[in-house]
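Structure file input.cif (mmCIF, C-alpha atoms and all ligand atoms) follows.
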data_coords
loop_
_atom_site.label_atom_id
_atom_site.label_comp_id
_atom_site.auth_asym_id
_atom_site.auth_seq_id
_atom_site.Cartn_x
_atom_site.Cartn_y
_atom_site.Cartn_z
CA MET A 541 103.15 124.27 84.85
CA PHE A 542 106.13 124.98 87.12
CA VAL A 543 109.37 123.76 85.50
CA LYS A 544 112.62 123.04 87.34
CA ILE A 545 115.86 122.22 85.55
CA CYS A 546 118.28 120.44 87.87
CA GLY A 547 121.93 119.47 88.00
CA LEU A 548 123.33 122.71 86.57
CA SER A 549 127.04 123.26 87.00
CA THR A 550 128.13 126.06 84.66
CA ALA A 551 127.11 129.62 83.79
CA ARG A 552 126.16 128.30 80.34
CA ASP A 553 123.72 125.83 81.92
CA VAL A 554 122.17 128.59 84.01
CA ALA A 555 121.80 130.90 81.00
CA ALA A 556 120.15 128.09 79.02
CA ALA A 557 117.64 127.25 81.76
CA VAL A 558 116.79 130.88 82.53
CA GLY A 559 116.62 131.73 78.83
CA ALA A 560 114.23 128.84 78.23
CA GLY A 561 111.91 130.19 80.92
CA ALA A 562 112.52 127.73 83.77
CA ASP A 563 110.85 128.62 87.06
CA ALA A 564 113.56 126.97 89.16
CA VAL A 565 117.17 125.88 88.72
CA GLY A 566 118.81 123.17 90.81
CA PHE A 567 122.38 122.57 91.94
CA VAL A 568 123.47 119.21 93.33
CA LEU A 569 125.38 119.43 96.61
CA THR A 570 125.39 115.71 97.31
CA GLU A 571 127.11 112.64 95.88
CA SER A 572 126.59 112.77 92.10
CA PRO A 573 128.50 113.26 88.84
CA ARG A 574 126.78 116.67 88.85
CA ARG A 575 128.02 117.66 92.28
CA VAL A 576 129.25 121.22 92.67
CA SER A 577 130.64 123.02 95.69
CA PRO A 578 128.65 125.63 97.64
CA GLU A 579 131.19 128.22 96.49
CA VAL A 580 130.57 127.42 92.81
CA VAL A 581 126.81 127.55 93.41
CA ARG A 582 127.13 130.98 95.05
CA GLY A 583 128.73 132.31 91.85
CA LEU A 584 126.08 130.71 89.63
CA VAL A 585 123.19 131.97 91.77
CA GLU A 586 124.35 135.52 91.08
CA GLU A 587 123.50 134.92 87.41
CA VAL A 588 119.91 133.94 88.22
CA PRO A 589 117.29 136.70 87.99
CA ASP A 590 114.82 137.41 90.80
CA GLY A 591 111.72 135.30 90.35
CA VAL A 592 113.60 132.13 89.43
CA LEU A 593 113.94 129.83 92.44
CA THR A 594 117.47 128.57 93.15
CA VAL A 595 117.52 125.13 94.75
CA ALA A 596 120.31 123.22 96.53
CA VAL A 597 119.82 119.44 96.31
CA PHE A 598 120.84 117.11 99.16
CA ARG A 599 120.32 113.44 99.87
CA GLU A 600 121.19 111.96 103.26
CA GLU A 601 123.31 114.73 104.77
CA PRO A 602 122.67 115.71 108.41
CA SER A 603 120.70 118.92 108.95
CA ALA A 604 123.76 120.79 110.21
CA GLU A 605 125.60 120.05 106.97
CA VAL A 606 122.57 121.01 104.84
CA ARG A 607 122.29 124.29 106.76
CA ARG A 608 125.98 125.12 106.35
CA ALA A 609 126.09 124.33 102.64
CA ALA A 610 122.78 126.07 101.82
CA LEU A 611 123.87 129.27 103.55
CA ALA A 612 127.29 129.17 101.86
CA ALA A 613 125.63 128.65 98.46
CA GLY A 614 123.14 131.49 98.93
CA VAL A 615 120.19 129.57 97.47
CA GLY A 616 116.48 130.23 97.95
CA ALA A 617 115.44 126.61 98.49
CA VAL A 618 116.67 123.31 99.90
CA GLN A 619 115.61 119.97 98.38
CA LEU A 620 115.99 116.89 100.59
CA HIS A 621 115.91 113.46 98.93
CA GLY A 622 115.27 110.27 100.86
CA GLY A 623 113.03 109.19 103.68
CA HIS A 624 113.66 112.19 105.90
CA PRO A 625 111.34 112.49 108.92
CA ALA A 626 109.36 115.66 109.62
CA SER A 627 111.99 116.63 112.19
CA ALA A 628 114.56 117.13 109.39
CA PHE A 629 112.36 119.86 107.91
CA ALA A 630 111.63 121.37 111.34
CA GLU A 631 115.38 121.66 111.95
CA LEU A 632 115.73 123.79 108.80
CA ALA A 633 112.55 125.90 109.14
CA ASP A 634 114.32 128.88 110.70
CA LEU A 635 116.47 129.32 107.57
CA GLY A 636 113.48 130.96 105.90
CA LEU A 637 114.16 129.04 102.68
CA THR A 638 111.64 127.14 100.56
CA LEU A 639 111.77 123.52 101.74
CA VAL A 640 111.31 120.78 99.15
CA ARG A 641 110.64 117.17 100.16
CA ALA A 642 111.74 114.77 97.41
CA THR A 643 110.47 111.25 97.93
CA THR A 644 108.92 108.28 96.21
CA ALA A 645 105.26 107.69 95.45
CA ALA A 646 105.30 104.74 97.86
CA LEU A 647 106.61 106.83 100.78
CA ALA A 648 104.24 109.69 99.98
CA ALA A 649 101.08 107.62 99.53
CA GLY A 650 98.14 109.62 100.85
CA ALA A 651 100.30 112.60 101.78
CA SER A 652 99.51 116.29 101.50
CA VAL A 653 102.23 118.77 100.69
CA GLY A 654 103.06 120.45 104.00
CA ASP A 655 102.57 117.38 106.21
CA PHE A 656 106.29 117.44 107.05
CA GLY A 657 106.57 121.24 107.06
CA GLU A 658 107.71 121.28 103.44
CA ASP A 659 106.57 123.95 100.97
CA LEU A 660 106.83 121.77 97.86
CA MET A 661 107.08 118.05 97.19
CA ILE A 662 108.74 116.04 94.44
CA LEU A 663 107.72 112.51 93.54
CA ASP A 664 110.81 110.87 92.05
CA SER A 665 112.12 107.44 91.18
CA PRO A 666 113.94 105.49 93.95
CA SER A 667 117.22 106.41 92.15
CA PRO A 668 117.33 110.21 92.04
CA GLY A 669 119.30 111.68 89.18
CA SER A 670 119.55 108.33 87.36
CA GLY A 671 117.23 109.17 84.49
CA GLU A 672 115.15 106.08 85.28
CA PRO A 673 111.42 106.54 84.77
CA TRP A 674 108.90 104.99 87.14
CA ASN A 675 105.28 104.07 86.77
CA TRP A 676 103.75 107.51 87.29
CA SER A 677 100.51 106.52 85.59
CA ASP A 678 99.79 104.22 88.57
CA LEU A 679 99.55 107.12 91.03
CA GLY A 680 95.77 107.25 90.83
CA ALA A 681 94.18 108.24 94.12
CA ASN A 682 97.61 108.36 95.77
CA ARG A 683 98.49 111.66 94.14
CA PRO A 684 99.48 114.07 96.90
CA SER A 685 97.38 117.16 97.37
CA GLY A 686 99.12 120.50 96.97
CA SER A 687 102.10 121.73 94.97
CA TRP A 688 104.07 118.69 93.89
CA MET A 689 106.47 118.09 91.03
CA LEU A 690 106.93 114.96 88.99
CA ALA A 691 110.55 113.83 88.43
CA GLY A 692 112.45 110.74 87.40
CA GLY A 693 113.29 109.86 83.83
CA LEU A 694 111.51 112.82 82.27
CA GLY A 695 112.71 114.36 79.01
CA PRO A 696 111.38 116.28 76.04
CA GLY A 697 110.04 113.07 74.51
CA ASN A 698 107.85 111.94 77.41
CA VAL A 699 107.05 115.00 79.53
CA ALA A 700 103.68 115.67 77.89
CA GLU A 701 102.58 112.07 78.32
CA ALA A 702 103.80 112.02 81.93
CA VAL A 703 101.97 115.25 82.80
CA ALA A 704 98.77 113.96 81.23
CA ALA A 705 99.01 110.74 83.26
CA ALA A 706 100.13 112.08 86.65
CA ARG A 707 98.69 115.63 86.59
CA PRO A 708 101.42 117.25 88.70
CA TRP A 709 101.71 120.95 89.59
CA GLY A 710 105.24 120.98 88.16
CA VAL A 711 108.01 118.92 86.59
CA ASP A 712 111.70 118.50 87.41
CA VAL A 713 114.41 117.10 85.13
CA SER A 714 118.12 116.44 85.12
CA SER A 715 119.31 113.48 83.00
CA GLY A 716 116.75 114.03 80.24
CA VAL A 717 118.25 117.37 79.21
CA GLU A 718 121.85 116.11 78.98
CA VAL A 719 123.97 114.95 76.05
CA ARG A 720 125.92 112.76 78.46
CA ARG A 721 125.85 112.38 82.22
CA GLY A 722 126.50 115.76 83.81
CA VAL A 723 126.65 117.72 80.54
CA LYS A 724 123.54 119.80 79.85
CA SER A 725 122.21 120.57 76.37
CA PRO A 726 120.73 124.07 75.89
CA GLU A 727 118.63 122.69 73.01
CA LEU A 728 117.17 119.88 75.13
CA ILE A 729 116.50 122.29 78.00
CA GLU A 730 114.58 124.61 75.68
CA GLU A 731 112.64 121.72 74.17
CA PHE A 732 111.80 120.32 77.60
CA VAL A 733 110.43 123.63 78.90
CA ARG A 734 108.43 124.17 75.71
CA ARG A 735 106.86 120.70 75.75
CA ALA A 736 106.17 120.82 79.49
CA ARG A 737 104.27 124.08 79.07
CA LEU A 738 102.27 122.70 76.14
CA ALA A 739 101.34 119.52 77.99
CA PRO A 740 97.64 119.07 78.68
CA THR A 741 96.92 119.48 82.41
CA GLY A 742 93.83 119.16 84.39
O1 LIG A 801 120.71 115.02 89.65
C1 LIG A 801 121.38 114.35 90.46
O2 LIG A 801 122.50 113.92 90.18
C2 LIG A 801 120.81 114.04 91.82
C3 LIG A 801 121.60 113.38 92.72
C4 LIG A 801 121.12 113.07 93.97
C5 LIG A 801 119.85 113.43 94.35
C6 LIG A 801 119.04 114.10 93.44
C7 LIG A 801 119.48 114.40 92.17
N1 LIG A 801 118.69 115.06 91.24
C8 LIG A 801 117.27 115.03 91.31
O3 LIG A 801 116.80 113.83 90.69
C9 LIG A 801 115.62 114.11 89.95
C10 LIG A 801 115.86 114.09 88.46
O4 LIG A 801 116.31 112.90 88.07
P1 LIG A 801 116.44 112.50 86.51
O5 LIG A 801 117.90 112.46 86.26
O6 LIG A 801 115.77 113.56 85.68
O7 LIG A 801 115.78 111.18 86.41
C11 LIG A 801 115.24 115.53 90.28
O8 LIG A 801 114.43 115.58 91.42
C12 LIG A 801 116.59 116.15 90.56
O9 LIG A 801 116.43 117.31 91.33
#

Can you give me the file's structure in the form of structure tokens?
Ligand SMILES: O=C(O)c1ccccc1N[C@@H]1O[C@H](COP(=O)(O)O)[C@@H](O)[C@H]1O
Amino acid sequence: MFVKICGLSTARDVAAAVGAGADAVGFVLTESPRRVSPEVVRGLVEEVPDGVLTVAVFREEPSAEVRRAALAAGVGAVQLHGGHPASAFAELADLGLTLVRATTAALAAGASVGDFGEDLMILDSPSPGSGEPWNWSDLGANRPSGSWMLAGGLGPGNVAEAVAAARPWGVDVSSGVEVRRGVKSPELIEEFVRRARLAPTG
């Protein structure tokens, strides 16, 4: 089970996620209470060991802005939320970064990871970063094929149930490991990673 902890903004957050064994850490470079500048992300990325994927999160920014900010931040991956067309991923392909398409189950119905040139996909609620769950148990035959993560309203208390219902390749969380919006809890991060890894898959 691949585990991504998103919305990190301090060295303490990064240490907590890496120490808990996260596979990926995310930094929000779009409108959000968790927003950080590319310069701050560059400093935080230096604290992340090789083997842990560093991800810059964007929403509706134009490709030129995504490119500029991702290069300034020095991340290994770019995550685009929204209904981006395949051309948005094609415009970023030459960066050589891992491309993550974050979308809703409705927009991704019948999709395979890679259809838009992305390397990974995230199925999220229509309100990214809100902590609102969605009806992941209804995915059924509309589960994408390939490496996709479940996100949206996950937390230590429901991640096992969500994984059992949706059977994703990975999970992604932000709000569910916070004590209040934008403030991460090392204890909740550790608990989330532990429960995600124990969740029955298959
Ligand atoms: O975390 C944010 O603030 C955010 C803002 C804008 C786009 C994406 C954002 N985060 C992504 O949202 C989900 C997690 O949401 P939740 O808070 O756990 O429900 C995940 O994909 C984050 O990478």

Worksheet item: Within 8 Å of ligand LIG 801 (chain A), counting all atoms listed in the file: which residues, as an MDAnalysis selection string?
Response: chainID A and resid 544:547 566:568 570:575 597:599 619 621 642 662:665 667:673 690:695 712:717 722

May I have the selected residues written with C-alpha atoms, as a compact mmCIF listing (two decimals), in the frame of the given file?
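The file below, out_32.txt, is the result:
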# COMPACT_ATOMS: atom_id res chain seq x y z
CA LYS A 544 112.62 123.04 87.34
CA ILE A 545 115.86 122.22 85.55
CA CYS A 546 118.28 120.44 87.87
CA GLY A 547 121.93 119.47 88.00
CA GLY A 566 118.81 123.17 90.81
CA PHE A 567 122.38 122.57 91.94
CA VAL A 568 123.47 119.21 93.33
CA THR A 570 125.39 115.71 97.31
CA GLU A 571 127.11 112.64 95.88
CA SER A 572 126.59 112.77 92.10
CA PRO A 573 128.50 113.26 88.84
CA ARG A 574 126.78 116.67 88.85
CA ARG A 575 128.02 117.66 92.28
CA VAL A 597 119.82 119.44 96.31
CA PHE A 598 120.84 117.11 99.16
CA ARG A 599 120.32 113.44 99.87
CA GLN A 619 115.61 119.97 98.38
CA HIS A 621 115.91 113.46 98.93
CA ALA A 642 111.74 114.77 97.41
CA ILE A 662 108.74 116.04 94.44
CA LEU A 663 107.72 112.51 93.54
CA ASP A 664 110.81 110.87 92.05
CA SER A 665 112.12 107.44 91.18
CA SER A 667 117.22 106.41 92.15
CA PRO A 668 117.33 110.21 92.04
CA GLY A 669 119.30 111.68 89.18
CA SER A 670 119.55 108.33 87.36
CA GLY A 671 117.23 109.17 84.49
CA GLU A 672 115.15 106.08 85.28
CA PRO A 673 111.42 106.54 84.77
CA LEU A 690 106.93 114.96 88.99
CA ALA A 691 110.55 113.83 88.43
CA GLY A 692 112.45 110.74 87.40
CA GLY A 693 113.29 109.86 83.83
CA LEU A 694 111.51 112.82 82.27
CA GLY A 695 112.71 114.36 79.01
CA ASP A 712 111.70 118.50 87.41
CA VAL A 713 114.41 117.10 85.13
CA SER A 714 118.12 116.44 85.12
CA SER A 715 119.31 113.48 83.00
CA GLY A 716 116.75 114.03 80.24
CA VAL A 717 118.25 117.37 79.21
CA GLY A 722 126.50 115.76 83.81

Worksheet entry | Counting only C-alpha atoms, the residue of A:Pro625, A:Ser652, A:Val615, A:Ser603 that sits nearest Asp590 (chain A) | A:Val615

Discussion item. Excluding region 706-709 of chain A and its own-chain neighbours fewer than 2 positions away, which residues fall within 8 Å of it when counting only C-alpha atoms? Please give them as a VMD selection string.
Written reply: chain A and resid 541 to 542 676 to 677 679 to 680 683 686 to 690 702 to 704 711 741 to 742

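CA of Thr644 (chain A) is found 26.8 Å from CA of Leu611 (chain A).
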
Item to complete: Excluding Gly650 (chain A) and residues on its chain fewer than 6 positions from it, collect all residues at most 10 Å away from it, counting all atoms listed in the file, and give them as an MDAnalysis selection string.
Response: chainID A and resid 681:685

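Taking CA of Ala609 (chain A) as the reference point, CA of Thr550 (chain A) is found at 18.2 Å.
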
Practice prompt. In Å, rounded to a single decimal, give me how far CA of Leu620 (chain A) is from CA of Leu660 (chain A).
Written response: 10.7 Å

Practice prompt. May I have the residues at most 12 Å from (115.8, 121.0, 72.9) in the file's coordinates, counting all atoms listed in the file, as a ChimeraX atom specification?
Written response: /A:556-557,560,695-697,716-719,724-736

Fill in: Closest of A:Val588, A:Met661, A:Leu632, A:Ala617 to Gly559 (chain A) - atom-to-atom distances counting all atoms listed in the file
A:Val588

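Distance annotation: of A:Ala648, A:Val580, A:Ala633, A:Val723, the residue with the minimal separation from Asp553 (chain A) is A:Val723; atom set is all atoms listed in the file.
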
Discussion item. I want to know what sits within 12 Å of Ser627 (chain A), based on all atoms listed in the file, with residues of the same chain fewer than 2 positions away left out; could you give that as a list in words?
Written reply: Pro602, Ser603, Gly623, His624, Pro625, Phe629, Ala630, Glu631, Leu632, Ala633, Asp655, Phe656, Gly657 and Glu658 of chain A

Item to complete: Counting only C-alpha atoms, select every polymer residue within 9 Å of (128.8, 126.9, 94.6) as defined in the file's coordinates, and provide the selection as a VMD selection string.
Response: chain A and resid 549 567 569 576 to 585 609 612 to 614

As AutoDock Vina command-line options: centre and edge lengths in Å, one decimal, of the axis-aligned box holding region 665-682 of chain A with 5 Å per side:
--center_x 106.9 --center_y 107.9 --center_z 90.1 --size_x 35.4 --size_y 17.6 --size_z 21.3

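Of the listed residues A:Ala610, A:Pro666, A:Asn698, A:Ala705, the one whose atoms come nearest to Leu635 (chain A) is A:Ala610, with distances taken using all atoms listed in the file.
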
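Distances from A:Leu738, A:Ala628, A:Ala562, A:Leu639 to Ala596 (chain A) were compared using only C-alpha atoms, and the smallest one belongs to A:Leu639.
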
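Considering the residues A:Arg737, A:Val618, A:Gly654, A:Asp634 and counting only C-alpha atoms, Gly561 (chain A) has its shortest atom-to-atom contact with A:Arg737.
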